[in-house]
Structures are given as C-alpha cells and as structure tokens.
>>> print(open('data-v8.tsv').read())   # TSV, C-alpha atoms
chain	number	residue	atom	x	y	z
N	1238	MET	CA	51.83	-1.49	-2.52
N	1239	ASN	CA	53.23	-4.75	-1.17
N	1240	PHE	CA	54.02	-5.74	2.37
N	1241	SER	CA	56.13	-8.63	3.51
N	1242	THR	CA	53.95	-10.19	6.12
N	1243	GLN	CA	52.77	-13.60	7.03
N	1244	ASP	CA	49.25	-12.42	7.67
N	1245	ASN	CA	47.60	-12.37	4.27
N	1246	ALA	CA	44.64	-10.45	5.55
N	1247	LEU	CA	46.83	-7.45	6.17
N	1248	ILE	CA	48.28	-7.32	2.68
N	1249	PRO	CA	46.58	-4.60	0.67
N	1250	ASP	CA	45.89	-6.46	-2.51
N	1251	GLY	CA	45.76	-3.78	-5.12
N	1252	ALA	CA	45.38	-6.23	-7.96
N	1253	SER	CA	42.07	-7.71	-6.80
N	1254	GLY	CA	40.62	-4.28	-7.33
N	1255	THR	CA	37.30	-4.23	-5.48
N	1256	GLY	CA	38.55	-3.44	-1.99
N	1257	GLU	CA	36.55	-6.27	-0.48
N	1258	GLU	CA	39.61	-7.55	1.36
N	1259	THR	CA	39.48	-4.40	3.48
N	1260	LEU	CA	35.84	-4.96	4.35
N	1261	ARG	CA	36.51	-8.62	5.13
N	1262	LEU	CA	39.39	-7.60	7.35
N	1263	ILE	CA	37.09	-5.29	9.29
N	1264	ALA	CA	34.44	-8.00	9.44
N	1265	ARG	CA	36.97	-10.28	11.16
N	1266	LEU	CA	38.29	-7.71	13.60
N	1267	PRO	CA	38.73	-8.92	17.17
N	1268	VAL	CA	36.10	-7.50	19.49
N	1269	PRO	CA	37.13	-5.51	22.55
N	1270	GLN	CA	37.73	-7.53	25.68
N	1271	LEU	CA	34.83	-7.97	28.10
N	1272	LEU	CA	32.36	-6.55	25.59
N	1273	GLU	CA	29.72	-9.07	26.62
N	1274	GLU	CA	30.20	-8.28	30.29
N	1275	ARG	CA	29.80	-4.58	29.69
N	1276	VAL	CA	26.64	-5.15	27.65
N	1277	LYS	CA	25.20	-7.36	30.39
N	1278	ALA	CA	26.05	-4.78	33.05
N	1279	GLY	CA	24.30	-2.15	30.96
N	1280	LEU	CA	21.23	-4.36	30.64
N	1281	ASN	CA	21.12	-5.00	34.38
N	1282	SER	CA	21.31	-1.32	35.19
N	1283	ALA	CA	18.65	-0.39	32.65
N	1284	PRO	CA	15.21	0.45	34.05
N	1285	ARG	CA	12.75	-2.30	33.38
N	1286	THR	CA	9.58	-0.61	32.35
N	1287	ALA	CA	6.12	-2.14	32.00
N	1288	ARG	CA	6.43	-4.26	35.12
N	1289	ILE	CA	3.32	-5.98	36.45
N	1290	LEU	CA	2.43	-4.73	39.91
N	1291	ARG	CA	2.19	-7.55	42.36
N	1292	TRP	CA	-0.30	-7.87	45.17
N	1293	PRO	CA	0.97	-7.27	48.69
N	1294	ALA	CA	2.22	-10.42	50.42
N	1295	PRO	CA	-0.60	-10.69	53.05
N	1296	LEU	CA	-3.17	-10.74	50.28
N	1297	LEU	CA	-1.33	-13.49	48.46
N	1298	ARG	CA	-1.22	-15.64	51.54
N	1299	GLY	CA	-5.02	-15.66	51.80
N	1300	GLN	CA	-5.20	-14.10	55.25
N	1301	GLY	CA	-6.60	-10.70	54.32
N	1302	TRP	CA	-10.12	-9.47	54.85
N	1303	MET	CA	-10.74	-9.83	51.12
N	1304	HIS	CA	-10.77	-13.59	51.39
N	1305	SER	CA	-13.84	-13.56	53.68
N	1306	THR	CA	-17.13	-13.88	51.76
N	1307	ALA	CA	-19.06	-11.76	54.24
N	1308	ALA	CA	-16.50	-8.97	54.13
N	1309	ARG	CA	-16.49	-8.96	50.35
N	1310	SER	CA	-20.30	-8.82	50.27
N	1311	ALA	CA	-20.30	-5.97	52.75
N	1312	ALA	CA	-17.74	-4.06	50.67
N	1313	ALA	CA	-19.82	-4.59	47.53
N	1314	ALA	CA	-22.98	-3.45	49.31
N	1315	ALA	CA	-21.19	-0.36	50.60
N	1316	ILE	CA	-20.07	0.54	47.10
N	1317	VAL	CA	-23.61	0.11	45.77
N	1318	ILE	CA	-25.05	2.27	48.56
N	1319	VAL	CA	-22.52	5.05	47.97
N	1320	VAL	CA	-23.15	5.10	44.22
N	1321	ALA	CA	-26.95	4.96	44.60
N	1322	GLY	CA	-26.96	7.62	47.33
N	1323	GLY	CA	-24.84	9.95	45.25
N	1324	SER	CA	-27.07	9.52	42.24
N	1325	TRP	CA	-30.23	10.17	44.30
N	1326	GLY	CA	-28.65	13.28	45.79
N	1327	VAL	CA	-27.94	14.70	42.37
N	1328	TYR	CA	-31.40	13.73	41.06
N	1329	SER	CA	-33.26	15.24	44.02
N	1330	ARG	CA	-31.44	18.59	43.82
N	1331	VAL	CA	-31.99	19.18	40.13
N	1332	GLN	CA	-35.48	20.72	39.49
N	1333	PRO	CA	-36.81	19.94	36.06
N	1334	ALA	CA	-38.01	23.06	34.20
N	1335	LEU	CA	-41.83	23.37	33.94
N	1336	PRO	CA	-43.31	23.55	30.47
N	1337	PRO	CA	-44.69	27.06	29.68
N	1338	ASN	CA	-48.47	27.43	29.66
N	1339	VAL	CA	-48.63	30.12	27.01
N	1340	VAL	CA	-46.94	29.86	23.69
N	1341	VAL	CA	-45.87	33.27	22.49
N	1342	MET	CA	-46.27	33.74	18.79
N	1343	PRO	CA	-43.74	35.85	16.95
N	1344	LEU	CA	-44.93	39.28	15.94
N	1345	HIS	CA	-45.33	40.17	12.30
N	1346	THR	CA	-44.41	43.80	12.06
N	1347	ALA	CA	-45.20	44.32	8.40
N	1348	PRO	CA	-47.56	41.67	7.10
N	1349	SER	CA	-47.38	41.49	3.32
N	1350	ILE	CA	-48.36	39.18	0.55
N	1351	GLY	CA	-45.71	36.92	-0.94
N	1352	PHE	CA	-42.17	36.33	0.23
N	1353	SER	CA	-40.45	38.67	2.58
N	1354	SER	CA	-36.97	39.99	2.02
N	1355	ALA	CA	-35.91	38.50	5.38
N	1356	GLY	CA	-34.08	41.68	6.16
N	1357	ALA	CA	-31.73	41.41	3.22
N	1358	MET	CA	-30.41	44.67	1.82
N	1359	ARG	CA	-29.29	45.23	-1.71
N	1360	THR	CA	-25.77	46.47	-1.98
N	1361	PRO	CA	-24.95	48.14	-5.27
N	1362	GLN	CA	-21.88	46.98	-7.09
N	1363	THR	CA	-19.09	49.47	-7.00
N	1364	LEU	CA	-16.14	49.85	-9.26
N	1365	ASN	CA	-12.80	49.50	-7.68
N	1366	GLY	CA	-10.87	50.83	-10.63
N	1367	SER	CA	-8.46	53.75	-10.76
N	1368	VAL	CA	-9.85	57.16	-9.99
N	1369	VAL	CA	-8.65	60.24	-11.81
N	1370	ALA	CA	-7.50	62.64	-9.16
N	1371	HIS	CA	-7.20	65.69	-11.44
N	1372	PRO	CA	-9.52	65.44	-14.45
N	1373	ALA	CA	-8.21	67.27	-17.50
N	1374	THR	CA	-10.06	70.46	-18.27
N	1375	VAL	CA	-10.49	71.30	-21.93
N	1376	THR	CA	-10.83	74.92	-23.03
N	1377	PRO	CA	-13.26	75.77	-25.87
N	1378	GLN	CA	-10.33	76.72	-28.16
N	1379	GLN	CA	-8.64	73.37	-27.57
N	1380	SER	CA	-11.83	71.47	-28.25
N	1381	LYS	CA	-12.40	73.46	-31.45
N	1382	ALA	CA	-8.87	72.69	-32.65
N	1383	ALA	CA	-9.27	69.01	-31.79
N	1384	SER	CA	-12.54	68.72	-33.70
N	1385	LYS	CA	-11.00	70.49	-36.69
N	1386	SER	CA	-8.06	68.07	-36.83
N	1387	ALA	CA	-10.48	65.15	-36.50
N	1388	ASP	CA	-12.52	66.46	-39.46
N	1389	GLN	CA	-9.36	66.78	-41.52
N	1390	THR	CA	-8.36	63.22	-40.74
N	1391	ALA	CA	-11.80	61.92	-41.69
N	1392	ALA	CA	-11.73	63.86	-44.96
N	1393	ARG	CA	-8.31	62.42	-45.79
N	1394	PHE	CA	-9.58	58.94	-45.06
N	1395	ARG	CA	-12.62	59.36	-47.30
N	1396	GLN	CA	-10.47	60.76	-50.08
N	1397	GLY	CA	-8.14	57.83	-49.84
N	1398	LYS	CA	-11.04	55.39	-50.12
N	1399	ARG	CA	-12.28	57.11	-53.24
N	1400	THR	CA	-8.82	56.91	-54.80
N	1401	VAL	CA	-8.68	53.19	-54.15
N	1402	ARG	CA	-12.14	52.62	-55.67
N	1403	GLY	CA	-11.14	54.70	-58.78
N	1404	ALA	CA	-8.02	52.62	-59.18
N	1405	ARG	CA	-10.03	49.39	-59.03
N	1406	GLN	CA	-12.51	50.59	-61.58
R	629	MET	CA	-4.74	-18.79	44.91
R	630	GLU	CA	-5.03	-17.74	41.27
R	631	ILE	CA	-3.16	-14.55	42.03
R	632	ALA	CA	-0.31	-16.47	43.61
R	633	HIS	CA	-0.07	-18.78	40.62
R	634	SER	CA	0.04	-15.80	38.28
R	635	ALA	CA	2.82	-14.16	40.28
R	636	VAL	CA	4.88	-17.31	40.23
R	637	TYR	CA	4.30	-17.63	36.51
R	638	ASP	CA	5.42	-14.04	35.94
R	639	GLU	CA	8.54	-14.54	37.97
R	640	THR	CA	9.43	-17.74	36.12
R	641	ARG	CA	8.77	-16.10	32.80
R	642	GLN	CA	11.01	-13.19	33.73
R	643	HIS	CA	13.83	-15.56	34.64
R	644	VAL	CA	13.46	-17.34	31.32
R	645	GLU	CA	13.51	-14.06	29.41
R	646	ASP	CA	16.59	-12.87	31.29
R	647	ALA	CA	18.37	-16.14	30.58
R	648	THR	CA	17.48	-15.90	26.89
R	649	LEU	CA	18.74	-12.33	26.74
R	650	THR	CA	22.02	-13.28	28.43
R	651	ALA	CA	22.48	-16.11	25.98
R	652	LEU	CA	21.85	-13.75	23.07
R	653	VAL	CA	24.48	-11.35	24.39
R	654	ASP	CA	27.03	-14.15	24.76
R	655	GLN	CA	26.30	-15.50	21.31
R	656	TYR	CA	25.87	-12.43	19.15
R	657	ALA	CA	27.51	-9.42	20.80
R	658	ALA	CA	30.73	-9.94	18.84
R	659	THR	CA	28.91	-10.22	15.50
R	660	LEU	CA	26.86	-7.13	16.22
R	661	TYR	CA	30.00	-5.25	17.21
R	662	ARG	CA	31.67	-6.09	13.90
R	663	VAL	CA	28.60	-5.06	11.93
R	664	ALA	CA	28.46	-1.80	13.84
R	665	PHE	CA	32.19	-1.16	13.40
R	666	SER	CA	32.02	-1.79	9.65
R	667	VAL	CA	29.66	1.17	9.32
R	668	LEU	CA	30.73	3.49	12.12
R	669	ARG	CA	34.48	2.68	12.05
R	670	ASN	CA	34.92	3.67	15.63
R	671	ALA	CA	35.27	1.21	18.49
R	672	THR	CA	33.44	3.27	21.09
R	673	ASP	CA	30.55	4.12	18.79
R	674	ALA	CA	30.26	0.49	17.73
R	675	GLU	CA	30.09	-0.68	21.33
R	676	ASP	CA	27.46	1.94	22.12
R	677	ALA	CA	25.43	0.71	19.16
R	678	VAL	CA	25.61	-2.88	20.41
R	679	GLN	CA	24.51	-1.74	23.86
R	680	GLU	CA	21.58	0.17	22.38
R	681	ALA	CA	20.57	-2.82	20.28
R	682	PHE	CA	20.38	-5.07	23.33
R	683	LEU	CA	18.48	-2.42	25.26
R	684	ARG	CA	15.90	-2.46	22.49
R	685	VAL	CA	15.76	-6.22	22.76
R	686	LEU	CA	15.24	-5.85	26.51
R	687	ARG	CA	12.26	-3.59	25.87
R	688	HIS	CA	10.74	-6.19	23.54
R	689	ARG	CA	11.86	-9.25	25.45
R	690	GLY	CA	8.26	-10.41	25.68
R	691	THR	CA	8.27	-11.12	21.95
R	692	LEU	CA	11.53	-13.09	21.85
R	693	ASP	CA	9.63	-16.36	21.44
R	694	GLU	CA	8.06	-15.13	18.23
R	695	ILE	CA	11.40	-14.39	16.54
R	696	ARG	CA	12.36	-17.07	14.07
R	697	ASP	CA	16.02	-16.17	13.48
R	698	HIS	CA	17.50	-14.24	16.37
R	699	ARG	CA	20.80	-13.58	14.60
R	700	VAL	CA	19.30	-11.89	11.56
R	701	TRP	CA	16.81	-10.06	13.78
R	702	LEU	CA	19.60	-8.69	15.97
R	703	ILE	CA	21.76	-7.73	12.99
R	704	ARG	CA	18.78	-5.91	11.54
R	705	ILE	CA	18.30	-3.99	14.79
R	706	VAL	CA	21.95	-2.97	15.06
R	707	TRP	CA	22.05	-2.18	11.34
R	708	ASN	CA	19.19	0.29	11.70
R	709	ILE	CA	20.84	1.83	14.75
R	710	VAL	CA	24.20	2.35	13.05
R	711	LEU	CA	22.64	3.73	9.87
R	712	ASP	CA	20.67	6.18	11.97
R	713	ARG	CA	23.80	7.22	13.85
R	714	LYS	CA	25.78	7.51	10.65
R	715	ARG	CA	23.12	9.74	9.15
R	716	ARG	CA	23.14	12.01	12.18
R	717	ALA	CA	26.91	12.19	12.46
R	718	LYS	CA	28.94	14.31	10.12
R	719	THR	CA	31.02	12.61	7.44
R	720	ARG	CA	34.17	11.22	9.00
R	721	PRO	CA	37.38	12.52	7.49
R	722	GLU	CA	39.68	9.90	5.99
R	723	THR	CA	42.42	10.77	8.51
R	724	ASP	CA	40.14	9.60	11.35
R	725	ASP	CA	39.71	6.25	9.61
R	726	VAL	CA	43.46	5.89	9.16
R	727	THR	CA	44.09	6.54	12.86
R	728	GLU	CA	41.33	4.21	14.01
R	729	LEU	CA	42.30	1.42	11.61
R	730	ALA	CA	45.97	1.69	12.59
R	731	ARG	CA	44.84	1.27	16.16
R	732	VAL	CA	42.49	-1.67	15.73
R	733	LEU	CA	44.03	-3.68	12.90
R	734	PRO	CA	46.14	-6.66	13.90
R	735	ALA	CA	49.81	-5.84	13.40
R	736	ALA	CA	51.35	-9.28	13.25
R	737	GLY	CA	54.65	-9.20	11.33
R	738	LEU	CA	54.42	-5.55	10.33
R	739	ASN	CA	56.76	-2.78	11.33
R	740	ALA	CA	55.40	0.66	12.17
R	741	GLU	CA	55.86	2.02	8.66
R	742	GLN	CA	54.14	-0.90	6.99
R	743	ARG	CA	51.36	-0.76	9.50
R	744	ALA	CA	50.78	2.93	8.81
R	745	ALA	CA	50.83	2.31	5.05
R	746	ALA	CA	48.36	-0.58	5.38
R	747	ALA	CA	46.04	1.55	7.49
R	748	GLN	CA	46.25	4.33	4.90
R	749	HIS	CA	45.42	1.93	2.09
R	750	HIS	CA	42.44	0.50	3.94
R	751	ALA	CA	41.22	3.97	4.80
R	752	HIS	CA	41.43	4.90	1.13
R	753	VAL	CA	39.41	1.83	0.18
R	754	LEU	CA	36.82	2.76	2.80
R	755	ALA	CA	36.66	6.27	1.38
R	756	CYS	CA	35.88	4.71	-2.00
R	757	VAL	CA	33.20	2.57	-0.34
R	758	ASP	CA	31.68	5.75	1.07
R	759	ARG	CA	31.43	7.17	-2.43
R	760	LEU	CA	29.23	4.29	-3.60
R	761	PRO	CA	25.46	4.76	-3.83
R	762	THR	CA	23.74	3.84	-0.57
R	763	LYS	CA	22.04	0.67	-1.80
R	764	GLU	CA	25.19	-0.77	-3.33
R	765	ARG	CA	27.32	0.24	-0.35
R	766	GLU	CA	25.03	-1.46	2.15
R	767	VAL	CA	25.08	-4.74	0.26
R	768	LEU	CA	28.85	-4.62	-0.21
R	769	VAL	CA	29.48	-3.99	3.50
R	770	LEU	CA	27.18	-6.78	4.61
R	771	SER	CA	28.56	-9.21	2.03
R	772	ALA	CA	31.95	-8.96	3.71
R	773	PHE	CA	30.52	-10.89	6.65
R	774	GLU	CA	31.12	-14.47	5.70
R	775	GLU	CA	28.59	-15.71	8.21
R	776	LEU	CA	25.79	-13.88	6.36
R	777	SER	CA	24.30	-15.56	3.33
R	778	SER	CA	22.66	-13.59	0.54
R	779	VAL	CA	19.26	-14.66	1.86
R	780	GLU	CA	20.14	-13.27	5.28
R	781	ILE	CA	21.48	-10.05	3.79
R	782	ALA	CA	18.20	-9.74	1.90
R	783	SER	CA	16.33	-10.25	5.14
R	784	VAL	CA	18.39	-7.63	6.97
R	785	LEU	CA	17.91	-5.06	4.22
R	786	GLY	CA	14.30	-6.00	3.51
R	787	ILE	CA	14.87	-6.71	-0.18
R	788	THR	CA	14.85	-9.79	-2.40
R	789	GLU	CA	17.80	-12.10	-2.86
R	790	SER	CA	18.06	-11.25	-6.56
R	791	SER	CA	18.28	-7.56	-5.64
R	792	VAL	CA	21.16	-8.40	-3.31
R	793	ARG	CA	22.99	-10.15	-6.12
R	794	SER	CA	22.45	-7.39	-8.67
R	795	ARG	CA	23.43	-4.67	-6.20
R	796	LEU	CA	26.54	-6.57	-5.22
R	797	PHE	CA	27.51	-6.92	-8.87
R	798	ARG	CA	27.06	-3.19	-9.44
R	799	ALA	CA	28.94	-2.37	-6.24
R	800	ARG	CA	31.93	-4.47	-7.26
R	801	ASN	CA	32.05	-2.86	-10.69
R	802	LEU	CA	31.82	0.62	-9.21
R	803	MET	CA	34.51	-0.13	-6.65
R	804	ALA	CA	36.81	-1.49	-9.33
R	805	GLY	CA	36.31	1.68	-11.33
R	806	LEU	CA	36.93	3.96	-8.36
R	807	LEU	CA	40.08	2.14	-7.28
R	808	GLN	CA	41.36	2.01	-10.86
R	809	HIS	CA	40.80	5.72	-11.20
R	810	SER	CA	42.62	6.55	-7.98
R	811	ARG	CA	45.49	4.26	-8.96
R	812	SER	CA	45.88	5.97	-12.33
R	813	LEU	CA	45.96	9.37	-10.58
R	814	ARG	CA	48.88	8.27	-8.41
>>> encode(input="data-v8.tsv", output="structure tokens")
Amino acid sequence: MNFSTQDNALIPDGASGTGEETLRLIARLPVPQLLEERVKAGLNSAPRTARILRWPAPLLRGQGWMHSTAARSAAAAAIVIVVAGGSWGVYSRVQPALPPNVVVMPLHTAPSIGFSSAGAMRTPQTLNGSVVAHPATVTPQQSKAASKSADQTAARFRQGKRTVRGARQ
Amino acid sequence: MEIAHSAVYDETRQHVEDATLTALVDQYAATLYRVAFSVLRNATDAEDAVQEAFLRVLRHRGTLDEIRDHRVWLIRIVWNIVLDRKRRAKTRPETDDVTELARVLPAAGLNAEQRAAAAQHHAHVLACVDRLPTKEREVLVLSAFEELSSVEIASVLGITESSVRSRLFRARNLMAGLLQHSRSLR
C-alpha cells in the first residue's frame, strides 16, 4: 500500500509494522477552528456555583443601623430577652411529676421455696417425620406364615454355621 | 470595613481565577482536543469532552494554585472523561472510523481514491489498536503524543515510568503481530 504524496505523515507505512504512524498522525491533527472561543463561551454561560453572598451595599458603606454601638447592644439585648422569656415560658408551664408517697410492692401469688419457673412452660419435643396414613393390617394367617418362614431361615443359618465348623475341624 | 476588604479580595481573586482559566483554555485546548480525539475518534465528541474538562476545572478553580503541572493535570482530566465516555458508548464500527478519518485527515497531494485508501488503512490500524489489552492500548495511544514524556504518561495513568516502558514494549509487539496477521490474510 503505497501512495505518491509529499506529505510523509499520510503515507501508510506498512513496513514499520506497529501502526504508530497512524496514532502520531491523529495526535498531530489540526483542531477545529474557534475551538478555544467555543470553550470560553461555554465556560461563561456555565452556572457558577458556590458563590459567596455579599452584604448589601448600604451595610458595606457603614451607614446602616448595625454600625451604631447602641443599636447593636439593643439588638443583642432583645435577642437575649426573647430567648430567656421563651425558656421561662416553657419551664413555668411544665409541672414536674410528684414522687409517690406509697411504694406498691409486687404481689406474690404463689410463694414457694427455691427458684420459680418464671412462667416458663415445658414444650415436649415432637417428631416431624413422615406419618403413615394407612398402617398395614396383618391377618393372623399372614403373621403365622411370616414367623414360619423366619424360623426356616434361622434354622438354615444355624445349619450352615455347623457345616462350616465341621469343615474347620 | 473588614467586610468591604473581604469583598474586594473575593472580587480580585475571582478575576485572577478567570484569567488563569482563560489562559489554560488558550494554551491547552488544542492538546486536550487531540487527546480526546485519539480515543473517541469523533470531532464533536472530542470537543464535548474538552468542554466538559474545562467545566470541571471551573468547578475546582479555587485549587488551581495548588496544581504543579497544569498540562498533565488537564490531560488526566480529559483522559478520564474520554475513557468514561468510551466505556458508556457502544463499540464504534470500523466504517465510522474510515468516514471520520477521511473527513479530518489532511489531504495534501492525495486524490480522492488515495485519500479513501489511506483512511481505510488508518481505520484498520485503529481497529487493531482497539484489540489490544486496555493497559497496553492506553500507553500506546498516549505515547503517540510527542509532547508527552514517559514520566508524564506515567503521571496521567497513575503508574510508574518503568510500567509505561514495559507496557509500551508489549503493545508494540502485539501490534506488530496483529498487523502481520492481517497482512498475511490479505
């Protein structure tokens, strides 16, 4: 990929291989015209937060009532009177509760020796396992047959043991 | 009288801050635009990013005196803004890059066909850059700015200078591999 141009920056140099010429070309791009002016205009139109509020002009000139010592003292005294009066008003309206003359003792309904159970109740542990809805009913004949087969099995087992012992001996 | 002095002081201070801000815009707006464009690859988005960066500076203009290197500080601000925007935006298709590069690249001595081919090549290189791991890509993009030293790149990215060098080395190797691969496919 070769281009016949005088501007070397525009030639895609495939041989150099890392593509950095492209990035350098972008890094040298001309900026749009009047970019700075647009940025400045944007900054001027932006709201300037966290401004410090200034005192009104008459106060700054030293002609307001606040610059008279007597007036300032009177204002301070007025503030103190209002705060103290309010506090007294609240204090005088609130009646403190009188302490009771008689102390009522709690009743012991069932006096006993030792520790009380403090109303605790014992709850028995319950099983939360599966419950057989329809328990199997066994007839006497079935139970007889089952016991007979169990006896036969036991006899066979005993016989087998004896055979093993005989073989060992 | 103290109040009046304070008001005058505030007003003077505000004038000084405004003058400093204006000087920063004059001096660094172009650099910030290029940094923003190298990541966003769109002229309008890059200009918006520069505007946002200076608005942030305006909000913190009270601390301008404490900044040691305004240039690196500003590049760091705009860098964070463009990375944030890039993350939020969807991946740009390569065709968009071709169109935008064909529009913004200087076309001295090139006819329309050559210009289109050059834009396509550069867009392809940028697509390869996008395929790099983030750390390597960031260092490679910033290293293209000749006015930024490796120490300043380290300061912008918040890493050490040796990390910049090792990442740049890896990035170059990876880019060479990617471009070699694409060339062999053609």
>>> closest_atom_pairs(input="data-v8.tsv", of="chain R", to="chain N", cutoff="6 Å", atoms="all atoms listed in the file", output="CSV")
residue,atom,partner,partner_atom,distance
R:Ala632,CA,N:Leu1297,CA,5.8
R:Ala658,CA,N:Val1268,CA,5.9
R:Arg662,CA,N:Ala1264,CA,5.6
R:Gln679,CA,N:Val1276,CA,5.5
R:Gly737,CA,N:Thr1242,CA,5.3
R:His750,CA,N:Thr1259,CA,5.7
R:Val753,CA,N:Gly1256,CA,5.8
R:Ala772,CA,N:Arg1261,CA,4.8
R:Phe773,CA,N:Ala1264,CA,5.6
R:Arg800,CA,N:Thr1255,CA,5.7
R:Met803,CA,N:Thr1255,CA,5.1
R:Ala804,CA,N:Thr1255,CA,4.8
>>> write_last_selection(input="data-v8.tsv", atoms="C-alpha atoms", output="compact mmCIF listing (two decimals), keeping the file's coordinate frame")
# COMPACT_ATOMS: atom_id res chain seq x y z
CA ALA R 632 -0.31 -16.47 43.61
CA ALA R 658 30.73 -9.94 18.84
CA ARG R 662 31.67 -6.09 13.90
CA GLN R 679 24.51 -1.74 23.86
CA GLY R 737 54.65 -9.20 11.33
CA HIS R 750 42.44 0.50 3.94
CA VAL R 753 39.41 1.83 0.18
CA ALA R 772 31.95 -8.96 3.71
CA PHE R 773 30.52 -10.89 6.65
CA ARG R 800 31.93 -4.47 -7.26
CA MET R 803 34.51 -0.13 -6.65
CA ALA R 804 36.81 -1.49 -9.33
>>> atom_distance(input="data-v8.tsv", atom1="atom CA of Cys756 of chain R", atom2="atom CA of Leu806 of chain R")
6.5 Å
>>> closest_residue(input="data-v8.tsv", among="R:His698, R:Leu796, R:Thr762, R:Glu639", to="Ala657 of chain R", atoms="all atoms listed in the file")
R:His698
>>> residues_around(input="data-v8.tsv", residues="Ala674 of chain R", least_positions_apart="3", cutoff="8 Å", atoms="all atoms listed in the file", output="VMD selection string")
chain R and resid 661 to 662 664 to 665 668 to 671 677 to 678 710
>>> closest_residue(input="data-v8.tsv", among="R:Leu692, R:Leu660, R:Leu768, R:Val792", to="Leu754 of chain R", atoms="only C-alpha atoms")
R:Leu768
>>> residues_near_point(input="data-v8.tsv", point="(20.2, -13.3, 26.4)", cutoff="12 Å", atoms="all atoms listed in the file", output="ChimeraX atom specification")
/N:1273-1274,1276-1277,1280-1281 /R:642-657,682-683,685-686,689,692,698-699,702
>>> atom_distance(input="data-v8.tsv", atom1="atom CA of Asp673 of chain R", atom2="atom CA of Asp712 of chain R")
12.2 Å
>>> atom_distance(input="data-v8.tsv", atom1="atom CA of Arg716 of chain R", atom2="atom CA of Lys763 of chain R")
18.0 Å
>>> build_atoms(input="data-v8.tsv", residues="segment 769-793 of chain R", atoms="N, CA and C atoms", output="PDB file, in the frame of the given file")
ATOM      1  N   VAL R 769      28.988  -3.906   2.106  1.00  0.00           N
ATOM      2  CA  VAL R 769      29.480  -3.990   3.500  1.00  0.00           C
ATOM      3  C   VAL R 769      28.990  -5.272   4.152  1.00  0.00           C
ATOM      4  N   LEU R 770      27.714  -5.570   3.968  1.00  0.00           N
ATOM      5  CA  LEU R 770      27.180  -6.780   4.610  1.00  0.00           C
ATOM      6  C   LEU R 770      27.721  -8.065   3.983  1.00  0.00           C
ATOM      7  N   SER R 771      28.056  -7.996   2.696  1.00  0.00           N
ATOM      8  CA  SER R 771      28.560  -9.210   2.030  1.00  0.00           C
ATOM      9  C   SER R 771      29.940  -9.603   2.555  1.00  0.00           C
ATOM     10  N   ALA R 772      30.615  -8.648   3.176  1.00  0.00           N
ATOM     11  CA  ALA R 772      31.950  -8.960   3.710  1.00  0.00           C
ATOM     12  C   ALA R 772      31.860  -9.906   4.907  1.00  0.00           C
ATOM     13  N   PHE R 773      30.684  -9.981   5.510  1.00  0.00           N
ATOM     14  CA  PHE R 773      30.520 -10.890   6.650  1.00  0.00           C
ATOM     15  C   PHE R 773      30.236 -12.294   6.131  1.00  0.00           C
ATOM     16  N   GLU R 774      31.243 -13.139   6.292  1.00  0.00           N
ATOM     17  CA  GLU R 774      31.120 -14.470   5.700  1.00  0.00           C
ATOM     18  C   GLU R 774      29.997 -15.293   6.321  1.00  0.00           C
ATOM     19  N   GLU R 775      29.641 -14.933   7.553  1.00  0.00           N
ATOM     20  CA  GLU R 775      28.590 -15.710   8.210  1.00  0.00           C
ATOM     21  C   GLU R 775      27.193 -15.345   7.707  1.00  0.00           C
ATOM     22  N   LEU R 776      27.107 -14.288   6.881  1.00  0.00           N
ATOM     23  CA  LEU R 776      25.790 -13.880   6.360  1.00  0.00           C
ATOM     24  C   LEU R 776      25.623 -14.353   4.924  1.00  0.00           C
ATOM     25  N   SER R 777      24.589 -15.130   4.700  1.00  0.00           N
ATOM     26  CA  SER R 777      24.300 -15.560   3.330  1.00  0.00           C
ATOM     27  C   SER R 777      23.533 -14.454   2.610  1.00  0.00           C
ATOM     28  N   SER R 778      23.385 -14.630   1.298  1.00  0.00           N
ATOM     29  CA  SER R 778      22.660 -13.590   0.540  1.00  0.00           C
ATOM     30  C   SER R 778      21.193 -13.523   0.969  1.00  0.00           C
ATOM     31  N   VAL R 779      20.654 -14.659   1.380  1.00  0.00           N
ATOM     32  CA  VAL R 779      19.260 -14.660   1.860  1.00  0.00           C
ATOM     33  C   VAL R 779      19.158 -13.844   3.152  1.00  0.00           C
ATOM     34  N   GLU R 780      20.161 -14.010   4.013  1.00  0.00           N
ATOM     35  CA  GLU R 780      20.140 -13.270   5.280  1.00  0.00           C
ATOM     36  C   GLU R 780      20.386 -11.780   5.060  1.00  0.00           C
ATOM     37  N   ILE R 781      21.254 -11.470   4.109  1.00  0.00           N
ATOM     38  CA  ILE R 781      21.480 -10.050   3.790  1.00  0.00           C
ATOM     39  C   ILE R 781      20.174  -9.442   3.266  1.00  0.00           C
ATOM     40  N   ALA R 782      19.495 -10.207   2.424  1.00  0.00           N
ATOM     41  CA  ALA R 782      18.200  -9.740   1.900  1.00  0.00           C
ATOM     42  C   ALA R 782      17.211  -9.502   3.038  1.00  0.00           C
ATOM     43  N   SER R 783      17.248 -10.386   4.005  1.00  0.00           N
ATOM     44  CA  SER R 783      16.330 -10.250   5.140  1.00  0.00           C
ATOM     45  C   SER R 783      16.679  -9.037   5.995  1.00  0.00           C
ATOM     46  N   VAL R 784      17.969  -8.798   6.173  1.00  0.00           N
ATOM     47  CA  VAL R 784      18.390  -7.630   6.970  1.00  0.00           C
ATOM     48  C   VAL R 784      17.989  -6.334   6.279  1.00  0.00           C
ATOM     49  N   LEU R 785      18.181  -6.296   4.961  1.00  0.00           N
ATOM     50  CA  LEU R 785      17.910  -5.060   4.220  1.00  0.00           C
ATOM     51  C   LEU R 785      16.450  -4.943   3.774  1.00  0.00           C
ATOM     52  N   GLY R 786      15.701  -6.036   3.914  1.00  0.00           N
ATOM     53  CA  GLY R 786      14.300  -6.000   3.510  1.00  0.00           C
ATOM     54  C   GLY R 786      14.123  -5.966   2.010  1.00  0.00           C
ATOM     55  N   ILE R 787      14.982  -6.650   1.284  1.00  0.00           N
ATOM     56  CA  ILE R 787      14.870  -6.710  -0.180  1.00  0.00           C
ATOM     57  C   ILE R 787      14.926  -8.177  -0.612  1.00  0.00           C
ATOM     58  N   THR R 788      14.813  -8.406  -1.921  1.00  0.00           N
ATOM     59  CA  THR R 788      14.850  -9.790  -2.400  1.00  0.00           C
ATOM     60  C   THR R 788      16.298 -10.238  -2.603  1.00  0.00           C
ATOM     61  N   GLU R 789      16.455 -11.542  -2.701  1.00  0.00           N
ATOM     62  CA  GLU R 789      17.800 -12.100  -2.860  1.00  0.00           C
ATOM     63  C   GLU R 789      18.397 -11.687  -4.214  1.00  0.00           C
ATOM     64  N   SER R 790      17.546 -11.639  -5.231  1.00  0.00           N
ATOM     65  CA  SER R 790      18.060 -11.250  -6.560  1.00  0.00           C
ATOM     66  C   SER R 790      18.526  -9.797  -6.548  1.00  0.00           C
ATOM     67  N   SER R 791      17.835  -8.960  -5.764  1.00  0.00           N
ATOM     68  CA  SER R 791      18.280  -7.560  -5.640  1.00  0.00           C
ATOM     69  C   SER R 791      19.645  -7.500  -4.986  1.00  0.00           C
ATOM     70  N   VAL R 792      19.851  -8.363  -3.983  1.00  0.00           N
ATOM     71  CA  VAL R 792      21.160  -8.400  -3.310  1.00  0.00           C
ATOM     72  C   VAL R 792      22.242  -8.722  -4.326  1.00  0.00           C
ATOM     73  N   ARG R 793      21.976  -9.721  -5.154  1.00  0.00           N
ATOM     74  CA  ARG R 793      22.990 -10.150  -6.120  1.00  0.00           C
ATOM     75  C   ARG R 793      23.297  -9.044  -7.142  1.00  0.00           C
TER      76      ARG R 793
END
